[in-house]
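Worksheet: the structure to be examined is printed underneath.
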Amino acid sequence: MAVSASRFDLWAPRPERVTLLADGQRVPMTRDEDGWWRPTELPEALATGEVDYGYLLDDGPDPRPDPRSRRQPEGVHGLSRTFDPDAHAWDDGLWRGRPLAGGTIYELHLGTFTPEGTLAAAEQKLDHLVELGIDFVELLPVNGFNGTHNWGYDGVLWYTVHEAYGGPAAYQHFVDACHQRGIGVIQDVVYNHLGPSGNYLPEFGPYFNEQANSTWGTAVNLDGPQSDPVRRYVVENALMWMRDMHVDGLRLDAVHALVDPARAVDVLEEMAVETDALSAAVGRPLTLIAESDMNNPRLITPREAGGFGLTGQWSDDFHHALLTNLSGDTTGWFADFAGLDSLATVLTRGFFHAGTYSNFRGRTHGRPLDLARTPAWRLVVCSANHDQIGNRADGSRPSSRLDSGQLAIAAAFTILGPSTPMIFMGEEWGASTPWAFFTSHPEHELGEQVSQGRLEEFAEMSWDPETVPDPQDPSTFTGSKLAWDEAGDGEHADLLAWYRQLLALRRTRPEVTDPRWERTTVHHDADAGWLVLDRGGRTAVAANFAATDVDVPLDRVGMSEPFGVEGSRGGAELRPDALHLPAHSVLVLTR
């Protein structure tokens, strides 16, 4: 007996013939006028339950995995396996979601977050995040990639969860466990390119625009001929994470590389419209955060005002201004941010480059935010993230270059500033382990190319080749795993306590999460090296970025009314008439 079903439907306008290979059976498929193939007659045994399957294109000898595969138990070159997302018995019925406003994000990579590198192991660390005061975990990409480990940005099967992490069922269990602890989940997704191994999409259809390039090669076909199904492939993937996996939002990687000039409705706007519709249907907030260094307010401007209507975007300007003034590094893009004026600007106006000249780019860059209508929480800020650490030649963290006082300063301005703070895993205790660029390409030639390319990239920056870890060396990956034992020792434990204290303050002081830019003021002396951040006249952060002690008169920073000391690092003190700030010290005051 044969039945009709849609579980094996396939969009493949390029091949002349397609045969479904399912559990060893060959099933002919019929094509409609839109390039969709459906089983001509599907045996009843294949209509339900787990089935391993693939597609033979034009009678080719090797089956290709489903472009919408939900599971790849044998890797990205193997057969797909059906997965029923409704099989999980969810226990998050009381979870009503969490808006980005007022929240704190914790960015982590599953493979290096724990020694085991799995979703199940990450679950065991969720209580640490609860005690820390985290509202969202943001997972680096988990979709299918070739090999056992990499950052996740070389994915080729966007609908899957990497099998070594535990696969899609373990993913659902992890999200469920987060929700039961009051933590939302943001999934990092990559729609601007695919990895170099296991990308069979061109054999099925025009998934790429050969006339356009992104940073990583040929661009995804978002606006060319036959691009409608490709856009649906992207948008439906976004909806899948939020609908089937119950995630609370997506971080959209490198949106500048989503090449979509010919459309009146940009794919980001389309995605935002669909996300808002799903949010209304499921009854919980759903968040879209763009990774962008374009400083383009249109991304986060509501659609009613002509914007794309995304929830938020990363702000590289904050990171650069903060780290430049802490580390003294003025190489590359950091050159634009030398001096405390840059930090004062990002704390009070969001973007540093807002139609201003960028020496690094050799041109003007950005556009001002409408401060009266754009809440500060729409910008996601950090003192470290996977890119800013991993894209250094040696993968070294800020803790390798900053002392304990400077790390405390970085935490205070990130967490108590006006925007949405994000913490990269391990930064809360100043992890000593690096987080390097690592890959595990099984193909010898591809692995050699990646290793050599990494050396050549940093040779141009005058890095000693001996300090550049080989991405293909397994020790580069294992050496990037967090050393959890150190979190309870010495300065690591002290920094962790400081993070907990700051995050508790953020949760209990309404002025700290007040999204109005005009409620944040800054007093600073760029020459002397001190800066005081005032949040609504009720919470203040005073720090000395310089290597020499300084006393700041209270009347100079508008502290005419009495404040009390909430926390201090580096010997900073509140004296009767001045703030005493030793080198690299920070003081948090409240009233």
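For the structure tokens, the naming scheme is as follows: chains receive sequential letters (A, B, ...) according to their order of presentation, residues are indexed from 1 within each chain, and ligands are indexed from 1 in presentation order.
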task: as a list in words, list the residues of segment 111-245 of chain A assigned to strand (DSSP E or B) by DSSP on the backbone atoms of this structure.
output: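 The strand (DSSP E or B) residues within segment 111-245 of chain A come out as Phe136, Val137, Glu138, Leu139, Gly144, Leu157, Gly184, Val185, Ile186, Gln187, Asp188, Val189, Phe208, Asn209, Glu210, Gln211, Ala212, Asn213, Ser214, Gly217, Thr218, Ala219 and Val220 of chain A.
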- request: Excluding Asp494 of chain A and residues on its chain fewer than 3 positions from it, collect all residues at most 10 Å away from it, counting only C-alpha atoms, and give them as an NGL selection string.
  value: :A and (404 or 408 or 428-430 or 487-491 or 497-500 or 569)
What does the file look like for those residues with N, CA and C atoms, as a short mmCIF file (atom, residue, chain, number, x, y, z; two decimals), in the first residue's frame?
```
data_model
loop_
_atom_site.label_atom_id
_atom_site.label_comp_id
_atom_site.auth_asym_id
_atom_site.auth_seq_id
_atom_site.Cartn_x
_atom_site.Cartn_y
_atom_site.Cartn_z
N SER A 404 44.19 42.76 37.17
CA SER A 404 42.92 42.50 37.82
C SER A 404 42.05 43.75 37.94
N ALA A 408 38.33 44.40 36.26
CA ALA A 408 37.19 44.85 37.06
C ALA A 408 36.55 46.09 36.44
N GLU A 428 33.93 35.91 33.19
CA GLU A 428 33.48 36.29 34.53
C GLU A 428 34.49 35.92 35.60
N TRP A 429 35.43 35.06 35.29
CA TRP A 429 36.50 34.80 36.26
C TRP A 429 37.89 35.08 35.66
N GLY A 430 37.94 35.76 34.54
CA GLY A 430 39.22 36.07 33.92
C GLY A 430 39.95 34.81 33.50
N ALA A 487 38.17 28.84 38.56
CA ALA A 487 37.18 29.85 38.92
C ALA A 487 37.10 30.09 40.42
N GLY A 488 37.52 29.11 41.22
CA GLY A 488 37.45 29.26 42.68
C GLY A 488 38.74 29.69 43.32
N ASP A 489 39.75 30.05 42.52
CA ASP A 489 41.07 30.35 43.07
C ASP A 489 41.42 31.83 42.97
N GLY A 490 41.95 32.40 44.05
CA GLY A 490 42.62 33.69 44.06
C GLY A 490 41.91 34.80 43.33
N GLU A 491 42.64 35.45 42.41
CA GLU A 491 42.09 36.58 41.67
C GLU A 491 40.93 36.16 40.79
N ALA A 497 33.33 37.01 41.96
CA ALA A 497 32.49 37.66 42.97
C ALA A 497 32.09 39.06 42.53
N TRP A 498 33.01 39.76 41.87
CA TRP A 498 32.73 41.11 41.37
C TRP A 498 31.64 41.07 40.31
N TYR A 499 31.73 40.12 39.38
CA TYR A 499 30.70 39.99 38.34
C TYR A 499 29.34 39.71 38.97
N ARG A 500 29.32 38.81 39.94
CA ARG A 500 28.05 38.49 40.60
C ARG A 500 27.47 39.72 41.30
N ARG A 569 37.31 48.03 43.70
CA ARG A 569 38.45 47.18 43.36
C ARG A 569 39.66 48.07 43.11
#
```
- request: Write out as an MDAnalysis selection string all residues of segment 70-225 of chain A that DSSP puts in helix (DSSP H, G or I) for this structure's backbone.
  value: chainID A and resid 85:87 110:113 119:123 126:132 163:165 167:180 201:204
query: So, counting only C-alpha atoms, which residue among A:Val234, A:Val156, A:Glu107, A:Asp253 is closest to Ser383 of chain A?
result: A:Glu107
Each segment 188-250 of chain A residue no farther than 7 Å from segment 14-34 of chain A, nearest pair in Å, only C-alpha atoms, as JSON lines:
```
{"residue": "A:Glu203", "atom": "CA", "partner": "A:Arg14", "partner_atom": "CA", "distance": 6.8}
{"residue": "A:Phe204", "atom": "CA", "partner": "A:Arg14", "partner_atom": "CA", "distance": 5.6}
{"residue": "A:Gly205", "atom": "CA", "partner": "A:Arg14", "partner_atom": "CA", "distance": 5.1}
```
Go ahead and write the residues just picked, N, CA, C and O atoms, as a PDB file, in the first residue's frame.
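Generated file (result-v3.pdb):
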```pdb
ATOM      1  N   GLU A 203      24.098  21.631  -6.278  1.00  0.00           N
ATOM      2  CA  GLU A 203      23.636  20.513  -7.092  1.00  0.00           C
ATOM      3  C   GLU A 203      22.111  20.453  -7.148  1.00  0.00           C
ATOM      4  O   GLU A 203      21.541  19.878  -8.070  1.00  0.00           O
ATOM      5  N   PHE A 204      21.459  21.038  -6.164  1.00  0.00           N
ATOM      6  CA  PHE A 204      19.999  21.004  -6.113  1.00  0.00           C
ATOM      7  C   PHE A 204      19.369  22.183  -6.838  1.00  0.00           C
ATOM      8  O   PHE A 204      18.342  22.034  -7.507  1.00  0.00           O
ATOM      9  N   GLY A 205      19.937  23.379  -6.677  1.00  0.00           N
ATOM     10  CA  GLY A 205      19.314  24.552  -7.257  1.00  0.00           C
ATOM     11  C   GLY A 205      20.191  25.777  -7.113  1.00  0.00           C
ATOM     12  O   GLY A 205      21.294  25.723  -6.548  1.00  0.00           O
TER      13      GLY A 205
END
```
Arg232 of chain A surroundings by only C-alpha atoms, 12 Å radius, close-in-sequence under 2 positions cut, as a ChimeraX atom specification: /A:11,68,191,207,221-223,226-230,234-240,267,270-271,274
Please report as a Markdown table every residue of segment 196-268 of chain A lying within 12 Å of segment 84-99 of chain A, along with the nearest atom pair and their distance in Å (one decimal), using only C-alpha atoms.
```
| residue | atom | partner | partner_atom | distance |
| --- | --- | --- | --- | --- |
| A:Met240 | CA | A:Pro85 | CA | 9.6 |
| A:Trp241 | CA | A:Pro85 | CA | 10.5 |
| A:Met242 | CA | A:Gly97 | CA | 11.3 |
| A:Arg243 | CA | A:Pro85 | CA | 9.5 |
| A:Asp244 | CA | A:Pro85 | CA | 5.9 |
| A:Met245 | CA | A:Pro85 | CA | 7.5 |
| A:His246 | CA | A:Asp92 | CA | 9.1 |
| A:Val247 | CA | A:Gly97 | CA | 9.3 |
| A:Asp248 | CA | A:Gly97 | CA | 6.7 |
| A:Gly249 | CA | A:Pro99 | CA | 9.7 |
```
Limited to N, CA, C and O atoms, could you put the picked residues into a file as a PDB file, in the first residue's frame?
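The resulting file, selection_20.pdb, is shown below:
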```pdb
ATOM      1  N   MET A 240      12.133  27.880  12.393  1.00  0.00           N
ATOM      2  CA  MET A 240      12.264  26.541  12.955  1.00  0.00           C
ATOM      3  C   MET A 240      12.886  26.572  14.343  1.00  0.00           C
ATOM      4  O   MET A 240      12.411  25.914  15.264  1.00  0.00           O
ATOM      5  N   TRP A 241      13.964  27.351  14.502  1.00  0.00           N
ATOM      6  CA  TRP A 241      14.631  27.409  15.803  1.00  0.00           C
ATOM      7  C   TRP A 241      13.684  27.926  16.872  1.00  0.00           C
ATOM      8  O   TRP A 241      13.635  27.404  17.992  1.00  0.00           O
ATOM      9  N   MET A 242      12.918  28.945  16.536  1.00  0.00           N
ATOM     10  CA  MET A 242      12.059  29.566  17.534  1.00  0.00           C
ATOM     11  C   MET A 242      10.773  28.773  17.763  1.00  0.00           C
ATOM     12  O   MET A 242      10.230  28.776  18.870  1.00  0.00           O
ATOM     13  N   ARG A 243      10.299  28.080  16.742  1.00  0.00           N
ATOM     14  CA  ARG A 243       9.059  27.317  16.869  1.00  0.00           C
ATOM     15  C   ARG A 243       9.320  25.902  17.399  1.00  0.00           C
ATOM     16  O   ARG A 243       8.796  25.504  18.445  1.00  0.00           O
ATOM     17  N   ASP A 244      10.133  25.133  16.701  1.00  0.00           N
ATOM     18  CA  ASP A 244      10.329  23.721  17.034  1.00  0.00           C
ATOM     19  C   ASP A 244      11.285  23.517  18.199  1.00  0.00           C
ATOM     20  O   ASP A 244      11.164  22.549  18.950  1.00  0.00           O
ATOM     21  N   MET A 245      12.276  24.402  18.334  1.00  0.00           N
ATOM     22  CA  MET A 245      13.285  24.248  19.374  1.00  0.00           C
ATOM     23  C   MET A 245      13.053  25.187  20.560  1.00  0.00           C
ATOM     24  O   MET A 245      13.840  25.180  21.515  1.00  0.00           O
ATOM     25  N   HIS A 246      12.001  26.011  20.465  1.00  0.00           N
ATOM     26  CA  HIS A 246      11.593  26.897  21.557  1.00  0.00           C
ATOM     27  C   HIS A 246      12.637  27.949  21.916  1.00  0.00           C
ATOM     28  O   HIS A 246      12.600  28.494  23.028  1.00  0.00           O
ATOM     29  N   VAL A 247      13.606  28.232  21.025  1.00  0.00           N
ATOM     30  CA  VAL A 247      14.577  29.268  21.377  1.00  0.00           C
ATOM     31  C   VAL A 247      13.890  30.626  21.384  1.00  0.00           C
ATOM     32  O   VAL A 247      12.844  30.832  20.766  1.00  0.00           O
ATOM     33  N   ASP A 248      14.483  31.551  22.099  1.00  0.00           N
ATOM     34  CA  ASP A 248      13.869  32.853  22.343  1.00  0.00           C
ATOM     35  C   ASP A 248      14.378  33.945  21.413  1.00  0.00           C
ATOM     36  O   ASP A 248      13.875  35.070  21.460  1.00  0.00           O
ATOM     37  N   GLY A 249      15.347  33.619  20.593  1.00  0.00           N
ATOM     38  CA  GLY A 249      15.859  34.617  19.670  1.00  0.00           C
ATOM     39  C   GLY A 249      17.033  34.095  18.880  1.00  0.00           C
ATOM     40  O   GLY A 249      17.558  33.004  19.139  1.00  0.00           O
TER      41      GLY A 249
END
```
- request: Write out as number ranges by chain which residues come within 12 Å of Ala101 of chain A when counting only C-alpha atoms, dropping same-chain ones fewer than 2 positions away.
  value: A: 97-99, 103-105, 135-136, 285-287, 311-312, 374-380, 418-421, 507, 512-516
Print the selection's residues with N, CA, C and O atoms to a file, as a compact mmCIF listing (two decimals), in the first residue's frame.
```txt
# COMPACT_ATOMS: atom_id res chain seq x y z
N GLY A 97 8.81 33.57 28.27
CA GLY A 97 9.79 34.32 27.51
C GLY A 97 10.42 35.43 28.31
O GLY A 97 10.08 35.69 29.46
N ARG A 98 11.36 36.12 27.66
CA ARG A 98 12.10 37.19 28.33
C ARG A 98 12.43 38.25 27.28
O ARG A 98 13.04 37.94 26.25
N PRO A 99 12.01 39.49 27.46
CA PRO A 99 12.41 40.53 26.50
C PRO A 99 13.89 40.83 26.62
O PRO A 99 14.49 40.64 27.68
N GLY A 103 17.95 42.68 29.97
CA GLY A 103 18.56 41.37 30.09
C GLY A 103 20.08 41.39 29.99
O GLY A 103 20.69 42.40 29.63
N THR A 104 20.67 40.26 30.33
CA THR A 104 22.12 40.05 30.22
C THR A 104 22.36 38.75 29.48
O THR A 104 21.71 37.74 29.75
N ILE A 105 23.29 38.77 28.53
CA ILE A 105 23.55 37.63 27.65
C ILE A 105 24.89 36.99 28.01
O ILE A 105 25.85 37.69 28.35
N ASP A 135 20.48 36.16 32.04
CA ASP A 135 19.11 36.07 31.54
C ASP A 135 19.01 35.27 30.24
O ASP A 135 17.98 34.66 29.98
N PHE A 136 20.06 35.31 29.40
CA PHE A 136 20.07 34.57 28.14
C PHE A 136 21.40 33.87 27.95
O PHE A 136 22.46 34.47 28.24
N PRO A 285 7.97 36.78 23.84
CA PRO A 285 8.85 37.64 23.04
C PRO A 285 9.86 36.81 22.25
O PRO A 285 10.41 35.83 22.76
N LEU A 286 10.12 37.21 21.02
CA LEU A 286 11.14 36.58 20.18
C LEU A 286 12.07 37.68 19.68
O LEU A 286 11.62 38.72 19.20
N THR A 287 13.35 37.44 19.78
CA THR A 287 14.37 38.46 19.58
C THR A 287 15.24 38.17 18.36
O THR A 287 15.66 37.03 18.17
N THR A 311 15.35 43.52 16.70
CA THR A 311 15.28 43.86 18.12
C THR A 311 16.52 44.61 18.58
O THR A 311 16.43 45.57 19.35
N GLY A 312 17.69 44.14 18.15
CA GLY A 312 18.93 44.75 18.60
C GLY A 312 20.06 44.47 17.65
O GLY A 312 19.91 43.78 16.63
N THR A 374 15.37 55.71 20.32
CA THR A 374 16.05 54.40 20.30
C THR A 374 16.49 54.05 21.71
O THR A 374 17.41 54.67 22.25
N PRO A 375 15.86 53.08 22.35
CA PRO A 375 16.29 52.71 23.70
C PRO A 375 17.68 52.12 23.69
O PRO A 375 18.08 51.41 22.76
N ALA A 376 18.42 52.39 24.74
CA ALA A 376 19.83 51.99 24.81
C ALA A 376 20.00 50.48 24.80
O ALA A 376 21.03 49.97 24.34
N TRP A 377 19.00 49.73 25.27
CA TRP A 377 19.14 48.28 25.33
C TRP A 377 19.21 47.63 23.96
O TRP A 377 19.59 46.46 23.82
N ARG A 378 18.87 48.34 22.90
CA ARG A 378 18.93 47.75 21.56
C ARG A 378 20.38 47.48 21.11
O ARG A 378 20.60 46.71 20.16
N LEU A 379 21.34 48.09 21.77
CA LEU A 379 22.75 47.82 21.47
C LEU A 379 23.28 46.77 22.44
O LEU A 379 23.16 46.93 23.65
N VAL A 380 23.86 45.71 21.90
CA VAL A 380 24.47 44.66 22.72
C VAL A 380 25.96 44.93 22.79
O VAL A 380 26.63 45.05 21.75
N PRO A 418 24.57 51.68 29.86
CA PRO A 418 23.16 51.78 29.45
C PRO A 418 22.68 50.68 28.50
O PRO A 418 21.47 50.49 28.36
N SER A 419 23.59 49.96 27.86
CA SER A 419 23.20 49.00 26.84
C SER A 419 23.10 47.58 27.39
O SER A 419 23.34 47.34 28.58
N THR A 420 22.74 46.62 26.54
CA THR A 420 22.58 45.23 26.96
C THR A 420 23.94 44.57 27.05
O THR A 420 24.63 44.42 26.05
N PRO A 421 24.35 44.11 28.24
CA PRO A 421 25.68 43.51 28.38
C PRO A 421 25.70 42.05 27.92
O PRO A 421 24.74 41.30 28.11
N ARG A 507 20.17 43.98 38.56
CA ARG A 507 18.82 43.46 38.73
C ARG A 507 18.00 44.25 39.75
O ARG A 507 16.76 44.22 39.70
N VAL A 512 19.81 51.43 36.51
CA VAL A 512 20.84 50.76 35.72
C VAL A 512 20.26 50.19 34.42
O VAL A 512 20.94 50.12 33.41
N THR A 513 19.00 49.79 34.44
CA THR A 513 18.38 49.26 33.22
C THR A 513 17.48 50.29 32.55
O THR A 513 16.77 49.97 31.59
N ASP A 514 17.51 51.53 33.02
CA ASP A 514 16.73 52.60 32.38
C ASP A 514 17.25 52.79 30.96
O ASP A 514 18.44 53.07 30.76
N PRO A 515 16.40 52.64 29.93
CA PRO A 515 16.88 52.66 28.54
C PRO A 515 17.03 54.05 27.94
O PRO A 515 17.44 54.18 26.80
N ARG A 516 16.73 55.10 28.71
CA ARG A 516 16.76 56.44 28.14
C ARG A 516 18.18 56.99 28.17
O ARG A 516 18.80 57.12 29.22
```
query: Which residue, A:Cys382, A:Ala528, A:Leu139, A:Leu157, has the smallest gap to Leu416 of chain A when you use only C-alpha atoms?
result: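 Residue with the minimum atom-to-atom distance to Leu416 of chain A: A:Cys382.
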